[in-house]
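Content type mmCIF, C-alpha atoms, from the file structure-v7.cif:
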```cif
data_work
loop_
_atom_site.label_atom_id
_atom_site.label_comp_id
_atom_site.auth_asym_id
_atom_site.auth_seq_id
_atom_site.Cartn_x
_atom_site.Cartn_y
_atom_site.Cartn_z
CA MET A 1130 37.92 33.91 -99.87
CA GLY A 1131 34.36 33.23 -100.97
CA VAL A 1132 32.06 34.73 -98.35
CA ILE A 1133 34.69 36.96 -96.69
CA ARG A 1134 36.58 39.99 -97.98
CA GLN A 1135 39.21 41.82 -95.95
CA ILE A 1136 39.67 45.42 -97.03
CA GLU A 1137 42.77 47.51 -96.17
CA LYS A 1138 42.83 51.12 -97.32
CA SER A 1139 45.93 53.32 -97.16
CA PHE A 1140 47.57 56.20 -98.98
CA PRO A 1141 50.74 55.57 -101.02
CA ALA A 1142 54.00 56.73 -99.43
CA ASN A 1143 54.37 59.57 -101.95
CA TYR A 1144 50.96 61.02 -101.08
CA GLY A 1145 50.84 64.49 -99.58
CA ALA A 1146 47.94 66.33 -98.03
CA PRO A 1147 46.55 69.14 -100.27
CA GLY A 1148 48.45 72.39 -99.70
CA GLU A 1149 50.94 70.79 -97.28
CA LYS A 1150 54.62 69.97 -97.73
CA ARG A 1151 55.64 66.36 -97.53
CA GLU A 1152 56.93 65.47 -94.05
CA LYS A 1153 60.35 63.97 -93.54
CA LYS A 1154 60.31 60.20 -93.99
CA GLN A 1155 60.69 58.27 -90.73
CA LYS A 1156 62.97 55.27 -90.38
CA ARG A 1157 61.26 52.12 -89.14
CA THR A 1158 62.50 50.87 -85.79
CA PRO A 1159 63.24 47.17 -85.09
CA GLU A 1160 60.09 47.11 -82.93
CA ASP A 1161 58.03 48.42 -85.87
CA VAL A 1162 59.46 45.74 -88.16
CA LYS A 1163 58.83 42.96 -85.62
CA ARG A 1164 55.28 44.10 -84.98
CA GLN A 1165 54.53 44.30 -88.71
CA ASN A 1166 56.03 40.84 -89.37
CA GLU A 1167 53.91 39.32 -86.61
CA ARG A 1168 50.78 40.95 -87.99
CA ASN A 1169 51.57 39.70 -91.51
CA ARG A 1170 52.01 36.15 -90.20
CA TRP A 1171 48.71 35.91 -88.35
CA LYS A 1172 46.89 37.69 -91.18
CA LYS A 1173 48.18 35.05 -93.59
CA VAL A 1174 47.03 32.22 -91.31
CA GLN A 1175 43.65 33.92 -90.80
CA ARG A 1176 43.10 34.12 -94.56
CA ILE A 1177 44.10 30.49 -95.04
CA ILE A 1178 41.54 29.47 -92.40
CA LEU A 1179 38.83 31.60 -94.02
CA ALA A 1180 39.56 30.18 -97.48
CA ASN A 1181 39.63 26.50 -96.48
CA PHE A 1182 37.47 26.01 -93.38
CA ARG A 1183 34.00 27.13 -92.33
CA GLU A 1184 31.48 27.17 -89.54
CA GLY A 1185 31.10 23.74 -87.97
CA ASP A 1186 34.71 22.65 -88.59
CA TRP A 1187 36.91 21.89 -85.59
CA HIS A 1188 39.61 23.51 -83.52
CA LEU A 1189 41.04 20.29 -82.07
CA VAL A 1190 43.34 20.02 -79.05
CA LEU A 1191 45.24 16.73 -78.57
CA LYS A 1192 46.54 16.17 -75.04
CA TYR A 1193 48.57 13.52 -73.23
CA THR A 1194 47.58 11.38 -70.26
CA LYS A 1195 49.43 12.38 -67.10
CA GLY A 1196 52.74 10.54 -66.83
CA THR A 1197 52.94 9.69 -70.56
CA ASN A 1198 53.59 13.15 -71.96
CA PRO A 1199 56.89 13.65 -73.85
CA GLU A 1200 59.48 16.11 -72.54
CA GLU A 1201 60.90 17.16 -75.89
CA TYR A 1202 59.23 18.85 -78.87
CA LYS A 1203 60.91 16.39 -81.23
CA GLU A 1204 59.14 13.40 -79.70
CA ALA A 1205 55.78 15.19 -79.48
CA LYS A 1206 55.99 16.15 -83.15
CA LYS A 1207 56.61 12.52 -84.09
CA HIS A 1208 53.30 11.65 -82.40
CA LEU A 1209 51.58 14.46 -84.30
CA LYS A 1210 53.09 13.38 -87.61
CA LYS A 1211 51.92 9.80 -87.11
CA PHE A 1212 48.42 11.01 -86.20
CA ILE A 1213 48.19 13.14 -89.36
CA GLU A 1214 49.46 10.28 -91.56
CA LYS A 1215 46.77 7.92 -90.22
CA MET A 1216 44.04 10.55 -90.66
CA ARG A 1217 45.20 11.25 -94.22
CA ALA A 1218 45.20 7.53 -95.06
CA ALA A 1219 41.65 7.07 -93.73
CA TYR A 1220 40.39 10.07 -95.71
CA LYS A 1221 42.19 8.90 -98.86
CA LYS A 1222 40.57 5.48 -98.54
CA ALA A 1223 37.18 7.23 -98.61
CA GLY A 1224 38.26 9.35 -101.59
CA LEU A 1225 38.40 12.60 -99.60
CA PRO A 1226 41.23 15.12 -99.09
CA PHE A 1227 42.42 15.75 -95.53
CA LYS A 1228 42.91 19.45 -94.81
CA TRP A 1229 44.67 20.60 -91.66
CA ILE A 1230 46.73 23.26 -89.86
CA ALA A 1231 48.73 22.19 -86.78
CA VAL A 1232 51.03 23.60 -84.12
CA THR A 1233 52.60 22.13 -80.97
CA GLU A 1234 52.94 24.17 -77.78
CA ARG A 1235 53.96 23.81 -74.15
CA GLY A 1236 51.36 24.86 -71.56
CA LYS A 1237 52.17 27.84 -69.33
CA LYS A 1238 51.21 26.20 -66.02
CA GLY A 1239 52.22 22.54 -66.16
CA LYS A 1240 54.70 22.95 -69.04
CA ILE A 1241 52.95 20.01 -70.72
CA LEU A 1242 53.26 19.63 -74.48
CA HIS A 1243 50.05 19.34 -76.52
CA HIS A 1244 48.87 19.95 -80.08
CA HIS A 1245 46.40 22.36 -81.68
CA LEU A 1246 44.85 21.52 -85.06
CA ILE A 1247 42.22 22.96 -87.36
CA ILE A 1248 40.47 20.24 -89.35
CA GLU A 1249 37.30 19.78 -91.37
CA ASP A 1250 34.24 18.16 -89.81
CA ILE A 1251 33.00 15.50 -92.24
CA GLU A 1252 30.11 13.06 -91.83
CA GLU A 1253 29.82 11.36 -95.21
CA ASP A 1254 31.07 8.35 -97.19
CA GLY A 1255 31.65 6.38 -94.00
CA ILE A 1256 33.81 9.15 -92.50
CA ARG A 1257 32.92 10.75 -89.17
CA THR A 1258 35.75 13.03 -88.09
CA VAL A 1259 35.07 13.00 -84.34
CA ASP A 1260 34.97 9.20 -84.09
CA MET A 1261 38.08 8.86 -86.26
CA VAL A 1262 40.10 11.27 -84.10
CA LYS A 1263 39.12 9.41 -80.92
CA GLN A 1264 40.10 6.10 -82.52
CA ILE A 1265 43.51 7.26 -83.84
CA TRP A 1266 44.77 9.51 -81.00
CA ARG A 1267 45.57 7.10 -78.14
CA HIS A 1268 47.97 9.23 -76.10
CA GLY A 1269 45.31 11.11 -74.12
CA GLY A 1270 42.27 13.36 -74.41
CA GLN A 1271 40.82 15.00 -77.51
CA PHE A 1272 38.91 18.26 -77.13
CA PHE A 1273 36.80 19.78 -79.89
CA SER A 1274 35.69 23.43 -80.28
CA SER A 1275 33.46 24.42 -83.17
CA LEU A 1276 34.74 27.18 -85.46
CA TYR A 1277 32.71 30.39 -85.66
CA GLU A 1278 32.95 32.93 -88.48
CA ASP A 1279 31.57 35.92 -86.58
CA GLY A 1280 35.03 36.66 -85.19
CA ASP A 1281 36.73 35.96 -88.57
CA TYR A 1282 39.11 33.57 -86.74
CA GLU A 1283 41.41 36.47 -85.88
CA GLN A 1284 42.11 35.37 -82.29
CA LEU A 1285 42.63 31.76 -83.39
CA ALA A 1286 45.13 32.83 -86.05
CA GLU A 1287 47.02 35.02 -83.57
CA TYR A 1288 47.16 32.12 -81.11
CA ILE A 1289 48.57 29.73 -83.71
CA VAL A 1290 51.47 31.99 -84.70
CA LYS A 1291 52.38 33.44 -81.27
CA SER A 1292 55.83 32.27 -80.19
CA GLU A 1293 55.42 32.72 -76.42
CA THR A 1294 54.50 29.09 -75.60
CA LYS A 1295 55.66 27.37 -78.77
CA GLU A 1296 59.24 26.45 -79.72
CA GLU A 1297 62.09 26.79 -77.18
CA CYS A 1298 63.94 28.83 -79.77
CA GLY A 1299 61.30 31.55 -79.38
CA TRP A 1300 59.85 31.12 -82.86
CA CYS A 1301 56.59 29.44 -83.86
CA THR A 1302 56.60 26.85 -86.66
CA TYR A 1303 53.08 25.83 -87.55
CA SER A 1304 52.53 23.29 -90.32
CA ARG A 1305 49.70 22.73 -92.79
CA SER A 1306 48.59 20.40 -95.54
CA ARG A 1307 49.71 21.22 -99.08
CA ASN A 1308 46.17 21.05 -100.44
CA LEU A 1309 45.10 24.29 -98.72
CA VAL A 1310 44.23 27.32 -100.83
CA VAL A 1311 46.47 30.32 -100.05
CA PRO A 1312 44.59 33.55 -100.94
CA GLN A 1313 46.51 36.27 -102.74
CA ALA A 1314 45.92 39.97 -102.08
CA LYS A 1315 44.48 42.07 -104.89
CA VAL A 1316 45.78 45.67 -105.06
CA GLU A 1317 43.46 48.30 -106.55
CA LEU A 1318 44.30 51.98 -107.04
CA ILE A 1319 41.40 54.33 -106.21
CA ARG A 1320 41.76 58.06 -106.87
CA ARG A 1321 40.10 59.67 -103.86
CA ARG A 1322 41.21 62.24 -101.31
CA LYS A 1323 39.41 60.43 -98.45
CA TRP A 1324 37.21 57.41 -97.74
CA LYS A 1325 33.91 56.88 -96.00
CA ASN A 1326 33.79 56.33 -92.26
CA PRO A 1327 32.01 54.09 -91.44
CA PRO A 1328 32.65 52.19 -94.69
CA ALA A 1329 29.76 51.23 -96.99
CA ALA A 1330 29.18 47.64 -98.12
CA PRO A 1331 28.39 46.73 -101.75
CA LYS A 1332 25.08 45.07 -102.57
CA GLY A 1333 24.84 41.51 -101.20
CA TRP A 1334 27.45 42.14 -98.50
CA TYR A 1335 27.57 43.71 -95.04
CA VAL A 1336 30.35 45.20 -92.92
CA VAL A 1337 31.27 43.15 -89.83
CA LYS A 1338 30.83 45.78 -87.12
CA ASP A 1339 33.73 44.91 -84.79
CA SER A 1340 36.14 44.60 -87.73
CA VAL A 1341 36.27 48.33 -88.57
CA TRP A 1342 39.52 50.00 -87.50
CA ASN A 1343 40.66 53.52 -88.33
CA GLY A 1344 44.14 54.65 -87.42
CA ILE A 1345 47.37 56.35 -88.49
CA ASN A 1346 50.35 54.75 -90.17
CA PRO A 1347 53.17 55.47 -87.66
CA VAL A 1348 55.77 55.68 -90.46
CA THR A 1349 53.97 57.86 -93.04
CA GLY A 1350 51.62 59.67 -90.66
CA TYR A 1351 48.74 59.11 -93.10
CA PRO A 1352 45.35 57.52 -92.24
CA VAL A 1353 44.63 53.82 -92.72
CA GLN A 1354 41.37 51.85 -92.52
CA HIS A 1355 40.80 48.11 -92.12
CA TYR A 1356 37.46 46.25 -92.16
CA THR A 1357 35.87 42.95 -93.12
CA LEU A 1358 32.98 42.34 -95.50
CA LYS A 1359 30.79 39.25 -95.22
CA LYS A 1360 28.51 37.98 -97.96
CA LEU A 1361 24.80 37.59 -97.24
CA ILE A 1362 24.22 33.84 -97.69
CA ASN A 1363 20.84 32.23 -98.14
CA THR A 1364 19.85 28.87 -96.68
CA LYS A 1365 20.50 26.99 -99.94
CA GLU A 1366 24.05 28.32 -100.24
CA ARG A 1367 24.82 27.51 -96.59
CA GLY A 1368 23.99 23.87 -97.15
CA GLU A 1369 25.92 23.37 -100.39
CA GLY A 1370 28.56 20.70 -100.43
CA GLY A 1371 26.34 18.14 -98.71
CA ARG A 1372 27.27 19.21 -95.18
CA LYS A 1373 24.54 20.08 -92.72
CA LEU A 1374 25.44 23.16 -90.66
CA ASN A 1375 23.94 23.60 -87.20
CA MET A 1376 22.45 26.87 -85.99
CA HIS A 1377 24.94 29.08 -84.19
CA VAL A 1378 23.68 30.94 -81.13
CA ASN A 1379 25.29 33.05 -78.42
CA ILE A 1380 24.14 32.91 -74.81
CA TYR A 1381 24.93 35.84 -72.50
CA ILE A 1382 24.84 35.37 -68.70
CA GLU A 1383 25.10 38.19 -66.15
CA THR A 1384 24.54 38.29 -62.37
CA SER A 1385 24.32 41.07 -59.79
CA PHE A 1386 26.95 39.44 -57.56
CA THR A 1387 30.07 41.32 -56.43
CA GLY A 1388 31.30 38.71 -53.91
CA PRO A 1389 31.04 35.00 -52.96
CA ALA A 1390 28.57 35.33 -50.04
CA ALA A 1391 24.95 34.19 -50.35
CA LYS A 1392 22.59 37.13 -50.75
CA ARG A 1393 19.50 38.52 -52.41
CA ALA A 1394 20.36 38.62 -56.10
CA ALA A 1395 19.17 38.65 -59.70
CA GLY A 1396 20.63 37.26 -62.91
CA ALA A 1397 19.89 37.85 -66.60
CA TRP A 1398 20.14 35.65 -69.69
CA ILE A 1399 19.87 36.44 -73.39
CA VAL A 1400 19.94 33.99 -76.30
CA GLU A 1401 21.04 35.59 -79.58
CA TYR A 1402 20.69 34.09 -83.06
CA VAL A 1403 22.14 35.95 -86.06
CA ARG A 1404 20.34 35.08 -89.27
CA PRO A 1405 22.28 34.85 -92.58
CA SER A 1406 20.73 38.20 -93.58
CA GLY A 1407 22.40 39.88 -90.59
CA GLU A 1408 19.09 40.15 -88.69
CA ILE A 1409 19.35 39.29 -85.00
CA GLU A 1410 16.69 37.41 -83.06
CA THR A 1411 16.86 37.42 -79.25
CA ARG A 1412 15.09 35.78 -76.32
CA GLY A 1413 15.80 36.62 -72.70
CA GLY A 1414 14.69 37.07 -69.13
CA VAL A 1415 15.69 37.55 -65.48
CA LEU A 1416 15.82 35.17 -62.50
CA TYR A 1417 15.40 36.61 -58.98
CA ALA A 1418 16.00 34.95 -55.58
CA ASP A 1419 15.78 36.16 -51.98
CA LYS A 1420 18.94 34.21 -51.16
CA THR A 1421 21.33 32.44 -53.53
CA MET A 1422 25.00 32.22 -54.54
CA GLU A 1423 26.72 33.25 -57.75
CA ASN A 1424 27.66 29.76 -58.96
CA GLU A 1425 24.18 28.36 -58.40
CA LEU A 1426 22.47 31.34 -60.03
CA ALA A 1427 24.77 31.18 -63.09
CA LEU A 1428 23.96 27.49 -63.59
CA TRP A 1429 20.19 28.03 -63.48
CA LEU A 1430 20.52 30.94 -65.91
CA ILE A 1431 22.39 28.68 -68.33
CA ILE A 1432 19.73 25.97 -67.90
CA ARG A 1433 16.97 28.49 -68.55
CA ALA A 1434 18.67 29.76 -71.72
CA LEU A 1435 19.48 26.31 -73.15
CA SER A 1436 15.96 25.05 -72.41
CA ILE A 1437 14.42 27.25 -75.10
CA LEU A 1438 16.57 25.70 -77.89
CA THR A 1439 14.57 23.15 -79.87
CA LYS A 1440 17.33 22.11 -82.30
CA THR A 1441 20.93 20.99 -81.99
CA CYS A 1442 23.08 24.14 -82.05
CA CYS A 1443 26.64 25.37 -81.88
CA VAL A 1444 26.45 27.39 -78.65
CA ARG A 1445 28.89 29.98 -77.36
CA VAL A 1446 28.29 30.96 -73.72
CA PHE A 1447 29.53 34.32 -72.40
CA THR A 1448 29.77 34.31 -68.59
CA GLY A 1449 31.88 35.95 -65.92
CA CYS A 1450 31.38 33.08 -63.45
CA LYS A 1451 34.89 31.68 -62.90
CA HIS A 1452 33.58 28.45 -61.35
CA VAL A 1453 31.57 27.60 -64.48
CA LEU A 1454 34.43 28.54 -66.80
CA ASN A 1455 36.99 26.50 -64.84
CA THR A 1456 34.68 23.50 -64.66
CA MET A 1457 34.08 23.42 -68.40
CA ASN A 1458 37.60 24.36 -69.55
CA ASN A 1459 39.22 21.81 -67.21
CA HIS A 1460 36.64 19.11 -68.02
CA TRP A 1461 35.69 18.57 -64.39
CA LEU A 1462 32.06 17.89 -65.30
CA VAL A 1463 32.96 14.68 -67.13
CA LYS A 1464 34.97 13.46 -64.13
CA TRP A 1465 32.14 14.30 -61.71
CA GLN A 1466 29.66 12.33 -63.79
CA LYS A 1467 31.94 9.28 -63.85
CA ASN A 1468 32.45 9.52 -60.07
CA SER A 1469 28.71 9.83 -59.31
CA TRP A 1470 29.07 13.56 -58.50
CA ILE A 1471 31.95 13.10 -56.05
CA ASN A 1472 34.79 15.60 -56.51
CA ALA A 1473 38.56 15.09 -56.21
CA LYS A 1474 38.38 15.73 -52.43
CA GLY A 1475 35.90 12.89 -51.97
CA GLN A 1476 33.05 15.29 -51.25
CA MET A 1477 29.67 15.70 -52.92
CA VAL A 1478 29.77 18.25 -55.72
CA ARG A 1479 27.95 21.47 -54.84
CA ASN A 1480 24.86 22.20 -56.94
CA ALA A 1481 24.89 18.62 -58.25
CA GLU A 1482 21.23 18.85 -59.30
CA ALA A 1483 21.90 21.91 -61.45
CA TRP A 1484 25.08 20.42 -62.91
CA ASN A 1485 23.20 17.21 -63.76
CA LYS A 1486 20.57 19.21 -65.66
CA CYS A 1487 23.33 21.14 -67.40
CA ALA A 1488 25.09 17.92 -68.44
CA ASP A 1489 21.89 16.65 -70.10
CA LEU A 1490 21.48 19.92 -72.01
CA PHE A 1491 25.17 20.18 -72.98
CA ALA A 1492 24.97 16.70 -74.56
CA LYS A 1493 22.47 18.01 -77.12
CA HIS A 1494 24.72 20.80 -78.41
CA MET A 1495 28.29 21.75 -79.30
CA MET A 1496 29.38 24.05 -76.47
CA GLU A 1497 32.04 26.76 -76.27
CA TRP A 1498 32.82 28.96 -73.24
CA THR A 1499 34.27 32.45 -72.93
CA ASP A 1500 34.45 35.34 -70.45
CA GLY A 1501 34.71 37.92 -73.24
CA CYS A 1502 32.95 41.28 -73.25
CA HIS A 1503 29.69 41.77 -75.12
CA THR A 1504 27.34 44.61 -76.10
CA TYR A 1505 24.39 43.40 -73.97
CA ARG A 1506 26.14 43.77 -70.60
CA ILE A 1507 24.99 47.29 -69.72
CA CYS A 1508 21.32 46.75 -70.53
CA MET A 1509 21.34 43.42 -68.63
CA GLN A 1510 22.90 45.00 -65.56
CA ASP A 1511 20.38 47.87 -65.66
CA ARG A 1512 17.46 45.44 -65.81
CA MET A 1513 18.78 43.37 -62.89
CA HIS A 1514 19.12 46.44 -60.67
CA LYS A 1515 15.55 47.47 -61.51
CA GLU A 1516 14.25 44.02 -60.49
CA LEU A 1517 16.19 44.14 -57.20
CA LYS A 1518 14.30 47.30 -56.27
CA LYS A 1519 10.93 45.54 -56.69
CA GLU A 1520 9.03 43.18 -54.42
CA HIS A 1521 8.55 39.72 -55.94
CA GLY A 1522 6.05 37.05 -55.02
CA LYS A 1523 6.32 33.27 -54.74
CA PRO A 1524 9.08 31.68 -56.87
CA ASP A 1525 7.87 29.85 -59.98
CA TYR A 1526 11.22 28.43 -61.11
CA GLY A 1527 12.75 26.36 -58.29
CA ILE A 1528 13.83 28.90 -55.69
CA TYR A 1529 13.79 31.61 -58.38
CA VAL A 1530 11.18 34.01 -59.69
CA ASN A 1531 11.21 33.85 -63.49
CA ILE A 1532 10.73 37.31 -65.05
CA ILE A 1533 10.01 37.71 -68.77
CA VAL A 1534 11.56 40.77 -70.41
CA PRO A 1535 9.40 41.64 -73.46
CA GLU A 1536 11.95 43.97 -75.07
CA TRP A 1537 14.51 41.14 -75.15
CA ASN A 1538 12.13 38.84 -77.06
CA THR A 1539 12.33 40.57 -80.41
CA LYS A 1540 14.08 40.85 -83.75
CA ILE A 1541 16.71 43.50 -84.42
CA CYS A 1542 17.18 44.59 -88.02
CA ARG A 1543 20.83 45.61 -87.75
CA LYS A 1544 23.77 44.28 -85.76
CA GLU A 1545 24.66 47.85 -84.70
CA GLU A 1546 21.45 47.99 -82.59
CA ALA A 1547 22.32 44.89 -80.57
CA GLY A 1548 23.40 46.84 -77.52
CA HIS A 1549 20.11 48.71 -77.29
CA VAL A 1550 17.55 45.91 -76.91
#
```
Would you mind writing the structure in this file as structure tokens?
Amino acid sequence: MGVIRQIEKSFPANYGAPGEKREKKQKRTPEDVKRQNERNRWKKVQRIILANFREGDWHLVLKYTKGTNPEEYKEAKKHLKKFIEKMRAAYKKAGLPFKWIAVTERGKKGKILHHHLIIEDIEEDGIRTVDMVKQIWRHGGQFFSSLYEDGDYEQLAEYIVKSETKEECGWCTYSRSRNLVVPQAKVELIRRRKWKNPPAAPKGWYVVKDSVWNGINPVTGYPVQHYTLKKLINTKERGEGGRKLNMHVNIYIETSFTGPAAKRAAGAWIVEYVRPSGEIETRGGVLYADKTMENELALWLIIRALSILTKTCCVRVFTGCKHVLNTMNNHWLVKWQKNSWINAKGQMVRNAEAWNKCADLFAKHMMEWTDGCHTYRICMQDRMHKELKKEHGKPDYGIYVNIIVPEWNTKICRKEEAGHV
């Protein structure tokens, strides 16, 4: 798969521990079989994504305008098929192959059908993928999320194959283009009684930290180990193929709030950039206010973090602020801008000034939003509590006191140290 290797280590079924009798073989239950089949399916999709797509490509969601959405899967899939045919024809005209993976699902809340696709992002030979999608898909909105390799696309692959919100029959049928490379597993027999934990990476590669998993095979009772290796790529290799890849950064936002009421509070922000060598560079600080609210504080933290970026980036924001997440995931910001910052209730949007600044900064980057956990949370919370115990002078950032944290403005040699900045 080029820059990614997935390693799975296990003992053969006829292996016995030294000096011990072989245990009685266990029969696999239907639940074991189902769980293994599901894992095999998403692993296959994950490997197809890794082999054919890369950072900067798109996870595309095609939606329908309210009142025009089809009720049946059959009709929705006709729309998807027509969309793919037109995209393929446009790419063929430019002499380029069109690679894609697609699945149709029904939303949990509104039970509205929509489509998820993974497609390449191309800006060459008169082809610009984003503009082409907007021109061809006329049934409703199109929403783009940039692909990131740091998670190895595991969650995306699991989402594509899960059957919960897909077909009415309870089974998921994703489709893909025939021109995709399907990686084949290579089996190698190694004569060892045990393996290293943590695993060691060969020269020119590094082990993706969160990918390491050690466990026990429930059927054989013997140990198993899974992990992912990623190749160290230099700048020249990253740009091969004529496609310019933007910098990928993560922004982490934390606040001291435990409720909705206005109060004395502090918030922390960290911007993280992982270099191709695996080295991490961070910038960060704290904002303090005598009286503020969680939503307002979160917005100014995001503004502060984005303001230090001097180039167009693919940005993933980690925040626990539900108001910010709902606004971005439900695309309320676009509607507010069109309505001159008047919300659906006919009232002025709260924190309109901050949202306006955010909108200007968001337009410069490709944004993605998540409330996922991260390794910086503890050290950020500790720093905020320290600042709340201090007396601060006159604000120098709006109503906020801007506090520089020297130890967050540094380079970290190894990913494992990220939680200790």
Determine the residue membership of the PyMOL selection byres ((chain A and resi 1263-1266) around 10) for the file above and supply it as a list in words.
Leu1191, Lys1192, Tyr1193, His1208, Leu1209, Lys1211, Phe1212, Ile1213, Lys1215, Met1216, Thr1258, Val1259, Asp1260, Met1261, Val1262, Arg1267, His1268, Gly1269, Gly1270, Gln1271 and Phe1272 of chain A
Restricting the output to C-alpha atoms, write the selected residues as a PDB file, keeping the file's coordinate frame.
```
ATOM      1  CA  LEU A1191      45.240  16.730 -78.570  1.00  0.00           C
ATOM      2  CA  LYS A1192      46.540  16.170 -75.040  1.00  0.00           C
ATOM      3  CA  TYR A1193      48.570  13.520 -73.230  1.00  0.00           C
ATOM      4  CA  HIS A1208      53.300  11.650 -82.400  1.00  0.00           C
ATOM      5  CA  LEU A1209      51.580  14.460 -84.300  1.00  0.00           C
ATOM      6  CA  LYS A1211      51.920   9.800 -87.110  1.00  0.00           C
ATOM      7  CA  PHE A1212      48.420  11.010 -86.200  1.00  0.00           C
ATOM      8  CA  ILE A1213      48.190  13.140 -89.360  1.00  0.00           C
ATOM      9  CA  LYS A1215      46.770   7.920 -90.220  1.00  0.00           C
ATOM     10  CA  MET A1216      44.040  10.550 -90.660  1.00  0.00           C
ATOM     11  CA  THR A1258      35.750  13.030 -88.090  1.00  0.00           C
ATOM     12  CA  VAL A1259      35.070  13.000 -84.340  1.00  0.00           C
ATOM     13  CA  ASP A1260      34.970   9.200 -84.090  1.00  0.00           C
ATOM     14  CA  MET A1261      38.080   8.860 -86.260  1.00  0.00           C
ATOM     15  CA  VAL A1262      40.100  11.270 -84.100  1.00  0.00           C
ATOM     16  CA  ARG A1267      45.570   7.100 -78.140  1.00  0.00           C
ATOM     17  CA  HIS A1268      47.970   9.230 -76.100  1.00  0.00           C
ATOM     18  CA  GLY A1269      45.310  11.110 -74.120  1.00  0.00           C
ATOM     19  CA  GLY A1270      42.270  13.360 -74.410  1.00  0.00           C
ATOM     20  CA  GLN A1271      40.820  15.000 -77.510  1.00  0.00           C
ATOM     21  CA  PHE A1272      38.910  18.260 -77.130  1.00  0.00           C
TER      22      PHE A1272
END
```
If we count all atoms listed in the file, what is near A:His1521 at a cut-off of 10 Å, once residues fewer than 3 positions away on the same chain are taken out, given as a ChimeraX atom specification?
/A:1417-1419,1516-1518,1524,1529-1532
Could you please take those selected residues and save C-alpha atoms as a JSON list (two decimals), keeping the file's coordinate frame?
```
[["chain", "number", "residue", "atom", "x", "y", "z"],
["A", 1417, "TYR", "CA", 15.40, 36.61, -58.98],
["A", 1418, "ALA", "CA", 16.00, 34.95, -55.58],
["A", 1419, "ASP", "CA", 15.78, 36.16, -51.98],
["A", 1516, "GLU", "CA", 14.25, 44.02, -60.49],
["A", 1517, "LEU", "CA", 16.19, 44.14, -57.20],
["A", 1518, "LYS", "CA", 14.30, 47.30, -56.27],
["A", 1524, "PRO", "CA", 9.08, 31.68, -56.87],
["A", 1529, "TYR", "CA", 13.79, 31.61, -58.38],
["A", 1530, "VAL", "CA", 11.18, 34.01, -59.69],
["A", 1531, "ASN", "CA", 11.21, 33.85, -63.49],
["A", 1532, "ILE", "CA", 10.73, 37.31, -65.05]]
```
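For the atom pair formed by atom CA of A:Ser1436 and atom CA of A:Val1463, the distance is 20.6 Å, given to one decimal.
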Q) Looking at only C-alpha atoms, which of A:Phe1140, A:Trp1470, A:Trp1498, A:Tyr1381 is the one that sits closest to A:Val1453? A)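 Checking each candidate against A:Val1453, we get A:Trp1498 as the closest.
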request  = Name the residues that the PyMOL selection byres ((chain A and resi 1422-1425) around 9) pulls out of this structure, and write them as a PyMOL selection string.
outcome  = chain A and resi 1384-1394+1396+1420-1421+1426-1430+1450-1453+1479-1480+1483
Residue with the minimum atom-to-atom distance to A:Val1310, picked from A:Asn1181, A:Thr1158, A:Thr1197, A:Thr1441 with all atoms listed in the file counted, is A:Asn1181
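Residue nearest A:Ala1481, chosen from A:Trp1342, A:Tyr1356, A:Trp1465, A:Trp1229 and counting only C-alpha atoms: A:Trp1465.
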Interatomic distance, atom CA of A:Asn1379 to atom CA of A:Phe1447 (Å, one decimal):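 Spanning atom CA of A:Asn1379 to atom CA of A:Phe1447 is a straight-line distance of 7.5 Å.
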query = Hey, which of A:Gly1224, A:Gly1449, A:Pro1331, A:Gly1414 ends up closest to A:His1503? Count all atoms listed in the file.
reply =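 So, comparing all the options, the nearest one is A:Gly1449.
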inquiry  = Would you compute the distance between atom CA of A:Thr1504 and atom CA of A:Ile1431? Give it in Å to one decimal.
reply    =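 Distance reported for this atom pair: 18.4 Å.
Each of A:Met1376, A:Leu1285, A:Leu1490, A:Val1415 was compared to A:Val1403 using all atoms listed in the file, and A:Met1376 turns out to be the nearest.
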task: Around the point (30.3, 20.8, -74.2) in the file's coordinates, collect all residues with an atom within 10 Å, using all atoms listed in the file, and return them as an MDAnalysis selection string.
output: chainID A and resid 1272:1274 1443:1445 1457:1458 1460 1462:1463 1487:1488 1490:1498
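In this comparison, which uses all atoms listed in the file, the residue of A:Asp1250, A:Asp1511, A:Glu1201, A:Asp1339 approaching A:Thr1233 most closely is A:Glu1201.
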